[in-house]
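Peer 1: Encoded as structure tokens, here's the structure I'll be asking about.
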Amino acid sequence: MREFKELKELKENPSIEKGWDSKRKNLAIMFPNLYYGGIYSLGPLIIYNLVNGLKDWNCERRFLDYSDLKGFEFLGFTFQYELDYFNFFKILDKNNIPREKEKRDSWKIFFGGGPAVSLNTAPMEEYLDVFFLGDCEDSLVEVLDVYSKQLDEEGKENFCKKSFLESICNIEGVYVPGMTKVKSYGVVNLETAPYPLVQPLPLEENDEFVFGKSFILELERGCPFNCEFCVIPTTSGKFRYRSVEKLKEIIDDGLKINEREKVVIYAPSFVHPKQKDILQYLIDKKLKFSVPSLRAEMVDEETLKLIGLGGQKSLTIAPESCERVRFDIGKQVKDEAYYSLLEKAEKLNFKKIKMYIMIGFENETEEDLVEISKFVKHCCKLFSRKISLSINTLVPKNTTNSNKKPIDKKLAKAKFKKIKELLKDIGPSGRIKIKFSNINSSAIEGKLSLEEKSL
Ligand code: SF4
């Protein structure tokens, strides 16, 4: 983690200013990493809008570099990645909050949510009172209601945390270590779930704000596919998507509240059956937009044309490996589908392709590495403009169906070396850039995801 400066205040627009009032309880939702990345994270935005919509509650966002936690009764942390656990400790230390739960004020509740803890609560069980697994829109409101009533009845000094936790431990999607008997995941109906329409962004633009002045539009949750290594099928519940009517309503309402020139589409696999209608609606409204990584076999030329009309100049694909391994890990997309997409992208004048490859799948052979290099080289022939190739080690995650062996760092290094050799005649160059992930960080991230006890 690079050095950072603590921010003195957040100058943002729009924002919900409920302020501090002794009649209300206060919830801080913390993104335990830097502000510039956290502003685009959907989880904190959902909680910020949801909790501020409750009459008796005030909610503020906090970040690693804006981390004052004074005055809050309910303190939540959304963990996107396991490596953010270390930032959690930094934030506690900075606020002089004891790491041990037992030493904290009994009326203060610390909770965790997000993909990392939805996959595995074990590393953080000693430090957090309660976890929200999967979607939290329904369960959080129920939990806050129970808390509010109990705190009003008992007051801070007599608040019994144990009885509070006992009364919420069986709510769907709530996990209280040592009390919840069967873990369950929250799965909300996207059509009726409240949408985070207020999306604060800094007043001053800065190069680090990767998506610029964008409105986040969440189309889908979950994924209809089941790639073995992916966390989405385990943490996000069954595949759901919002209707076109609902999405149009969200776009219209969202743009009345947020002054934005661009929409960023969030969708794990971007396979909404009416995606063309949604893109066309954004184009008709003269909005620029960006789409996530594409499932090559699901995208036709018309969709690519719409993406281009929306102002997006680059496309992202994640072939992961060669065709044999890809099918072996449940990502059933043929090489031909990627080739065909690249030909169309070339014809339609896209400027850049971002491509993600992973090394380290179970049963991966040296021959597979050769096949990956042939595949990549062929892609580079088909697309004549910029290619940004990201080569990563597979990070083992605590999903329901994946390879759970920790990373063998020596083997991973050897495979990176081999791939570098195999690809040496294509890059790096002005046109093709190749980036390798940090094996040490990936190994720690994987270890934390598989960890069976608290840190
Ligand atoms: S890798 Fe993509 S397509 Fe596969 S399960 Fe994950 S989100 Fe779905």
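Each chain in the structure tokens gets a letter, A, B and so on, in the order shown; residues start at 1 in every chain, and ligands are counted from 1 in the order they appear.
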For ligand 1, list the contacting residues at 8 Å or closer, counting only C-alpha atoms and all ligand atoms, as a PDB file with N, CA and C atoms, in the first residue's frame.
Peer 2:
```pdb
ATOM      1  N   GLY A 222     -25.296 -11.842  -9.149  1.00  0.00           N
ATOM      2  CA  GLY A 222     -25.131 -13.263  -9.401  1.00  0.00           C
ATOM      3  C   GLY A 222     -24.717 -13.468 -10.849  1.00  0.00           C
ATOM      4  N   CYS A 223     -24.663 -14.718 -11.256  1.00  0.00           N
ATOM      5  CA  CYS A 223     -24.228 -15.025 -12.616  1.00  0.00           C
ATOM      6  C   CYS A 223     -24.856 -16.354 -13.024  1.00  0.00           C
ATOM      7  N   PRO A 224     -25.340 -16.456 -14.279  1.00  0.00           N
ATOM      8  CA  PRO A 224     -25.952 -17.732 -14.689  1.00  0.00           C
ATOM      9  C   PRO A 224     -24.914 -18.820 -14.966  1.00  0.00           C
ATOM     10  N   PHE A 225     -23.626 -18.435 -14.999  1.00  0.00           N
ATOM     11  CA  PHE A 225     -22.569 -19.429 -15.259  1.00  0.00           C
ATOM     12  C   PHE A 225     -21.962 -19.862 -13.929  1.00  0.00           C
ATOM     13  N   ASN A 226     -21.077 -20.811 -14.023  1.00  0.00           N
ATOM     14  CA  ASN A 226     -20.550 -21.360 -12.773  1.00  0.00           C
ATOM     15  C   ASN A 226     -19.072 -21.697 -12.914  1.00  0.00           C
ATOM     16  N   CYS A 227     -18.266 -20.689 -13.267  1.00  0.00           N
ATOM     17  CA  CYS A 227     -16.834 -20.946 -13.427  1.00  0.00           C
ATOM     18  C   CYS A 227     -16.250 -21.279 -12.053  1.00  0.00           C
ATOM     19  N   GLU A 228     -15.519 -22.355 -12.013  1.00  0.00           N
ATOM     20  CA  GLU A 228     -15.091 -22.920 -10.725  1.00  0.00           C
ATOM     21  C   GLU A 228     -14.328 -21.983  -9.815  1.00  0.00           C
ATOM     22  N   PHE A 229     -13.493 -21.143 -10.386  1.00  0.00           N
ATOM     23  CA  PHE A 229     -12.604 -20.310  -9.575  1.00  0.00           C
ATOM     24  C   PHE A 229     -13.290 -19.036  -9.086  1.00  0.00           C
ATOM     25  N   CYS A 230     -14.476 -18.737  -9.620  1.00  0.00           N
ATOM     26  CA  CYS A 230     -15.069 -17.408  -9.427  1.00  0.00           C
ATOM     27  C   CYS A 230     -15.870 -17.331  -8.122  1.00  0.00           C
ATOM     28  N   VAL A 231     -15.778 -16.183  -7.457  1.00  0.00           N
ATOM     29  CA  VAL A 231     -16.464 -16.031  -6.158  1.00  0.00           C
ATOM     30  C   VAL A 231     -17.948 -15.692  -6.335  1.00  0.00           C
ATOM     31  N   ILE A 232     -18.327 -15.188  -7.502  1.00  0.00           N
ATOM     32  CA  ILE A 232     -19.703 -14.698  -7.684  1.00  0.00           C
ATOM     33  C   ILE A 232     -20.761 -15.776  -7.411  1.00  0.00           C
ATOM     34  N   PRO A 233     -20.643 -16.990  -7.986  1.00  0.00           N
ATOM     35  CA  PRO A 233     -21.701 -17.971  -7.725  1.00  0.00           C
ATOM     36  C   PRO A 233     -21.848 -18.309  -6.233  1.00  0.00           C
ATOM     37  N   PRO A 268     -21.821  -8.644 -13.113  1.00  0.00           N
ATOM     38  CA  PRO A 268     -20.693  -9.587 -13.084  1.00  0.00           C
ATOM     39  C   PRO A 268     -20.381 -10.224 -14.427  1.00  0.00           C
ATOM     40  N   SER A 269     -21.428 -10.613 -15.201  1.00  0.00           N
ATOM     41  CA  SER A 269     -21.101 -11.224 -16.498  1.00  0.00           C
ATOM     42  C   SER A 269     -21.758 -10.488 -17.667  1.00  0.00           C
ATOM     43  N   ARG A 295     -18.614 -11.552 -21.896  1.00  0.00           N
ATOM     44  CA  ARG A 295     -18.605 -12.988 -22.213  1.00  0.00           C
ATOM     45  C   ARG A 295     -18.614 -13.050 -23.740  1.00  0.00           C
ATOM     46  N   ALA A 318     -11.990 -11.807 -20.563  1.00  0.00           N
ATOM     47  CA  ALA A 318     -11.222 -12.616 -19.599  1.00  0.00           C
ATOM     48  C   ALA A 318     -11.214 -14.076 -20.057  1.00  0.00           C
ATOM     49  N   GLY A 330     -14.920 -24.936 -16.157  1.00  0.00           N
ATOM     50  CA  GLY A 330     -16.338 -24.588 -16.259  1.00  0.00           C
ATOM     51  C   GLY A 330     -16.634 -23.298 -17.006  1.00  0.00           C
ATOM     52  N   LYS A 331     -15.617 -22.684 -17.643  1.00  0.00           N
ATOM     53  CA  LYS A 331     -15.895 -21.493 -18.451  1.00  0.00           C
ATOM     54  C   LYS A 331     -15.946 -21.950 -19.901  1.00  0.00           C
TER      55      LYS A 331
END
```
Peer 1: Give me, as a list in words, all polymer residues having an atom no more than 7 Å from range 54-68 of chain A, counting only C-alpha atoms and skipping those fewer than 6 positions away in the same chain.
Peer 2: Phe4, Lys5, Glu6, Leu7, Lys18, Gly19, Arg24, Lys25, Asn26, Leu27, Ala28, Ile29, Met30, Phe31, Pro32, Asn33, Leu34, Tyr35, Tyr48, Asn87, Ile91 and Asn95 of chain A
Peer 1: From the list A:Ser167, A:Gln199, A:Asn206, A:Val244, which residue is nearest Val263 in chain A when using only C-alpha atoms?
Peer 2: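 Looking only at the distances to Val263 in chain A, the closest residue turns out to be A:Gln199.
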Peer 1: Can you pull out every residue from range 1-107 of chain A that DSSP, working from the backbone, puts in helix (DSSP H, G or I), and format the result as a ChimeraX atom specification?
Peer 2: /A:35-38,42-52,82-94,101-103
Peer 1: Give me the range 114-137 of chain A side of the contact with range 380-404 of chain A, cut-off 9 Å, one line per residue showing its nearest atom pair and distance in Å at one decimal, counting only C-alpha atoms, sorted by chain and residue number, as CSV.
Peer 2:
```
residue,atom,partner,partner_atom,distance
A:Ala116,CA,A:Lys397,CA,9.0
A:Leu119,CA,A:Asn398,CA,5.6
A:Asn120,CA,A:Asn398,CA,6.5
```
Peer 1: Those residues you just picked out, can you put them in a file as a PDB file, in the first residue's frame with C-alpha atoms?
Peer 2:
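Result written to part26.pdb:
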```
ATOM      1  CA  ALA A 116     -14.306 -11.549   1.331  1.00  0.00           C
ATOM      2  CA  LEU A 119     -16.695 -16.371   1.441  1.00  0.00           C
ATOM      3  CA  ASN A 120     -15.087 -16.950   4.809  1.00  0.00           C
TER       4      ASN A 120
END
```
Peer 1: Rank nothing, just name the residue among A:Lys161, A:Lys420, A:Phe215, A:Arg324 nearest to Phe436 in chain A, using only C-alpha atoms.
Peer 2: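 Result for the nearest residue to Phe436 in chain A: A:Lys420.
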Peer 1: Please return as number ranges by chain: the residues of range 274-397 of chain A that backbone DSSP assigns to strand (DSSP E).
Peer 2: A: 288-290, 314-320, 352-359, 386-393
Peer 1: Output C-alpha atoms for every residue in the selection just made, as a PDB file, in the first residue's frame.
Peer 2:
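File produced: again29.pdb:
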```pdb
ATOM      1  CA  LYS A 288     -21.742   8.038 -22.339  1.00  0.00           C
ATOM      2  CA  PHE A 289     -21.359   4.665 -20.672  1.00  0.00           C
ATOM      3  CA  SER A 290     -18.924   1.876 -19.981  1.00  0.00           C
ATOM      4  CA  SER A 314     -11.726  -0.313 -25.151  1.00  0.00           C
ATOM      5  CA  LEU A 315     -13.188  -3.739 -24.484  1.00  0.00           C
ATOM      6  CA  THR A 316     -12.350  -6.135 -21.673  1.00  0.00           C
ATOM      7  CA  ILE A 317     -12.324  -9.909 -22.017  1.00  0.00           C
ATOM      8  CA  ALA A 318     -11.222 -12.616 -19.599  1.00  0.00           C
ATOM      9  CA  PRO A 319     -10.297 -15.786 -21.495  1.00  0.00           C
ATOM     10  CA  GLU A 320      -8.489 -16.973 -18.317  1.00  0.00           C
ATOM     11  CA  LYS A 352      -7.805  -1.174 -27.043  1.00  0.00           C
ATOM     12  CA  ILE A 353      -8.439  -4.679 -25.720  1.00  0.00           C
ATOM     13  CA  LYS A 354      -7.817  -5.541 -22.087  1.00  0.00           C
ATOM     14  CA  MET A 355      -7.301  -9.249 -21.655  1.00  0.00           C
ATOM     15  CA  TYR A 356      -7.055 -11.266 -18.425  1.00  0.00           C
ATOM     16  CA  ILE A 357      -5.212 -14.576 -18.204  1.00  0.00           C
ATOM     17  CA  MET A 358      -4.741 -16.736 -15.095  1.00  0.00           C
ATOM     18  CA  ILE A 359      -1.998 -19.235 -14.417  1.00  0.00           C
ATOM     19  CA  LYS A 386      -3.411  -1.659 -28.295  1.00  0.00           C
ATOM     20  CA  ILE A 387      -3.603  -4.793 -26.182  1.00  0.00           C
ATOM     21  CA  SER A 388      -3.138  -4.760 -22.455  1.00  0.00           C
ATOM     22  CA  LEU A 389      -2.529  -8.263 -21.199  1.00  0.00           C
ATOM     23  CA  SER A 390      -2.785  -8.956 -17.510  1.00  0.00           C
ATOM     24  CA  ILE A 391      -1.368 -12.279 -16.340  1.00  0.00           C
ATOM     25  CA  ASN A 392      -2.278 -13.307 -12.808  1.00  0.00           C
ATOM     26  CA  THR A 393      -1.840 -16.278 -10.566  1.00  0.00           C
TER      27      THR A 393
END
```
Peer 1: I want to know what sits within 7 Å of range 332-348 of chain A, based on only C-alpha atoms, with residues of the same chain fewer than 4 positions away left out; could you give that as a list in words?
Peer 2: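 Non-adjacent residues within range: Ala296, Glu297, Glu301, Glu323, Arg326, Phe327, Cys379, Leu382 and Phe383 of chain A.
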Peer 1: List the neighbours of Lys108 in chain A out to 12 Å using only C-alpha atoms; skip same-chain residues closer than 5 positions along the sequence, and give me the result as a ChimeraX atom specification.
Peer 2: /A:25-28,69-76,97-98,101-103,128-130,147-148,151,155-157,159-162,164-165
Peer 1: Using Å and a single decimal, report how far CA of Val182 in chain A sits from CA of Ser236 in chain A.
Peer 2: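 Calculated distance between CA of Ser236 in chain A and CA of Val182 in chain A is 17.6 Å.
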Peer 1: When you look at Asn189 in chain A with a cut-off of 9 Å (counting only C-alpha atoms), what residues show up, excluding the ones that are within fewer than 2 positions of it in the same chain? I need them as a list in words.
Peer 2: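 The residues satisfying every condition are Val187, Glu191, Thr192, Ala193, Arg240, Tyr241 and Arg242 of chain A.
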Peer 1: I need the residues from that last selection saved to file as a PDB file, in the first residue's frame (with all heavy atoms), if you can.
Peer 2:
```
ATOM      1  N   VAL A 187     -30.520 -12.841  -0.089  1.00  0.00           N
ATOM      2  CA  VAL A 187     -30.730 -12.727  -1.541  1.00  0.00           C
ATOM      3  C   VAL A 187     -31.976 -11.863  -1.740  1.00  0.00           C
ATOM      4  O   VAL A 187     -33.083 -12.305  -1.472  1.00  0.00           O
ATOM      5  CB  VAL A 187     -30.947 -14.122  -2.196  1.00  0.00           C
ATOM      6  CG1 VAL A 187     -31.161 -13.970  -3.707  1.00  0.00           C
ATOM      7  CG2 VAL A 187     -29.762 -15.034  -1.933  1.00  0.00           C
ATOM      8  N   GLU A 191     -35.845  -6.129  -8.105  1.00  0.00           N
ATOM      9  CA  GLU A 191     -36.900  -5.268  -8.635  1.00  0.00           C
ATOM     10  C   GLU A 191     -37.498  -4.393  -7.527  1.00  0.00           C
ATOM     11  O   GLU A 191     -37.906  -3.268  -7.773  1.00  0.00           O
ATOM     12  CB  GLU A 191     -37.969  -6.173  -9.270  1.00  0.00           C
ATOM     13  CG  GLU A 191     -38.771  -5.588 -10.374  1.00  0.00           C
ATOM     14  CD  GLU A 191     -38.007  -5.088 -11.594  1.00  0.00           C
ATOM     15  OE1 GLU A 191     -36.787  -5.274 -11.689  1.00  0.00           O
ATOM     16  OE2 GLU A 191     -38.668  -4.467 -12.444  1.00  0.00           O
ATOM     17  N   THR A 192     -37.494  -4.924  -6.304  1.00  0.00           N
ATOM     18  CA  THR A 192     -38.108  -4.161  -5.210  1.00  0.00           C
ATOM     19  C   THR A 192     -37.073  -3.576  -4.246  1.00  0.00           C
ATOM     20  O   THR A 192     -37.398  -2.711  -3.439  1.00  0.00           O
ATOM     21  CB  THR A 192     -39.090  -5.051  -4.415  1.00  0.00           C
ATOM     22  OG1 THR A 192     -38.401  -6.252  -4.066  1.00  0.00           O
ATOM     23  CG2 THR A 192     -40.333  -5.386  -5.214  1.00  0.00           C
ATOM     24  N   ALA A 193     -35.836  -4.049  -4.309  1.00  0.00           N
ATOM     25  CA  ALA A 193     -34.798  -3.541  -3.385  1.00  0.00           C
ATOM     26  C   ALA A 193     -34.556  -2.055  -3.638  1.00  0.00           C
ATOM     27  O   ALA A 193     -34.535  -1.624  -4.792  1.00  0.00           O
ATOM     28  CB  ALA A 193     -33.505  -4.316  -3.587  1.00  0.00           C
ATOM     29  N   ARG A 240     -29.907 -12.709 -10.940  1.00  0.00           N
ATOM     30  CA  ARG A 240     -31.087 -11.833 -10.994  1.00  0.00           C
ATOM     31  C   ARG A 240     -30.741 -10.581 -11.790  1.00  0.00           C
ATOM     32  O   ARG A 240     -29.610 -10.141 -11.774  1.00  0.00           O
ATOM     33  CB  ARG A 240     -31.488 -11.364  -9.582  1.00  0.00           C
ATOM     34  CG  ARG A 240     -32.039 -12.429  -8.678  1.00  0.00           C
ATOM     35  CD  ARG A 240     -31.674 -12.151  -7.227  1.00  0.00           C
ATOM     36  NE  ARG A 240     -30.259 -12.334  -6.984  1.00  0.00           N
ATOM     37  CZ  ARG A 240     -29.583 -11.753  -5.991  1.00  0.00           C
ATOM     38  NH1 ARG A 240     -30.201 -10.947  -5.156  1.00  0.00           N
ATOM     39  NH2 ARG A 240     -28.296 -11.980  -5.829  1.00  0.00           N
ATOM     40  N   TYR A 241     -31.745 -10.012 -12.445  1.00  0.00           N
ATOM     41  CA  TYR A 241     -31.492  -8.747 -13.142  1.00  0.00           C
ATOM     42  C   TYR A 241     -32.717  -7.849 -13.029  1.00  0.00           C
ATOM     43  O   TYR A 241     -33.828  -8.315 -12.810  1.00  0.00           O
ATOM     44  CB  TYR A 241     -31.122  -8.990 -14.610  1.00  0.00           C
ATOM     45  CG  TYR A 241     -32.093  -9.843 -15.382  1.00  0.00           C
ATOM     46  CD1 TYR A 241     -33.205  -9.281 -16.000  1.00  0.00           C
ATOM     47  CD2 TYR A 241     -31.900 -11.223 -15.488  1.00  0.00           C
ATOM     48  CE1 TYR A 241     -34.096 -10.066 -16.692  1.00  0.00           C
ATOM     49  CE2 TYR A 241     -32.793 -12.020 -16.184  1.00  0.00           C
ATOM     50  CZ  TYR A 241     -33.894 -11.438 -16.784  1.00  0.00           C
ATOM     51  OH  TYR A 241     -34.781 -12.210 -17.476  1.00  0.00           O
ATOM     52  N   ARG A 242     -32.463  -6.549 -13.144  1.00  0.00           N
ATOM     53  CA  ARG A 242     -33.575  -5.589 -13.073  1.00  0.00           C
ATOM     54  C   ARG A 242     -34.253  -5.489 -14.440  1.00  0.00           C
ATOM     55  O   ARG A 242     -33.574  -5.615 -15.474  1.00  0.00           O
ATOM     56  CB  ARG A 242     -33.063  -4.208 -12.631  1.00  0.00           C
ATOM     57  CG  ARG A 242     -32.537  -4.206 -11.217  1.00  0.00           C
ATOM     58  CD  ARG A 242     -32.213  -2.799 -10.708  1.00  0.00           C
ATOM     59  NE  ARG A 242     -32.149  -2.785  -9.266  1.00  0.00           N
ATOM     60  CZ  ARG A 242     -31.035  -2.955  -8.542  1.00  0.00           C
ATOM     61  NH1 ARG A 242     -29.883  -3.125  -9.137  1.00  0.00           N
ATOM     62  NH2 ARG A 242     -31.081  -2.945  -7.225  1.00  0.00           N
TER      63      ARG A 242
END
```
Peer 1: Might you pull out every residue within 10 Å of Leu255 in chain A, with only C-alpha atoms counted and same-chain residues fewer than 5 positions away left off, and present them as an MDAnalysis selection string?
Peer 2: chainID A and resid 197:198 214:215 249:250 260:263
Peer 1: Just checking: using only C-alpha atoms, which residue out of A:Asn349, A:Ile168, A:Leu50, A:Asp408 ends up closest to Leu304 in chain A?
Peer 2: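 Under the stated criterion, the closest residue is A:Asn349.
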Peer 1: With only C-alpha atoms as the atoms that count, which of A:Val299, A:Leu42, A:Met124, A:Ile307 lies nearest to Leu217 in chain A?
Peer 2: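 Checking each of A:Val299, A:Leu42, A:Met124, A:Ile307 against Leu217 in chain A, counting only C-alpha atoms, the winner is A:Leu42.
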Peer 1: Just give me the gap between CA of Pro406 in chain A and CA of Asn438 in chain A in Å, one decimal is fine.
Peer 2: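 Those two atoms sit 14.9 Å apart.
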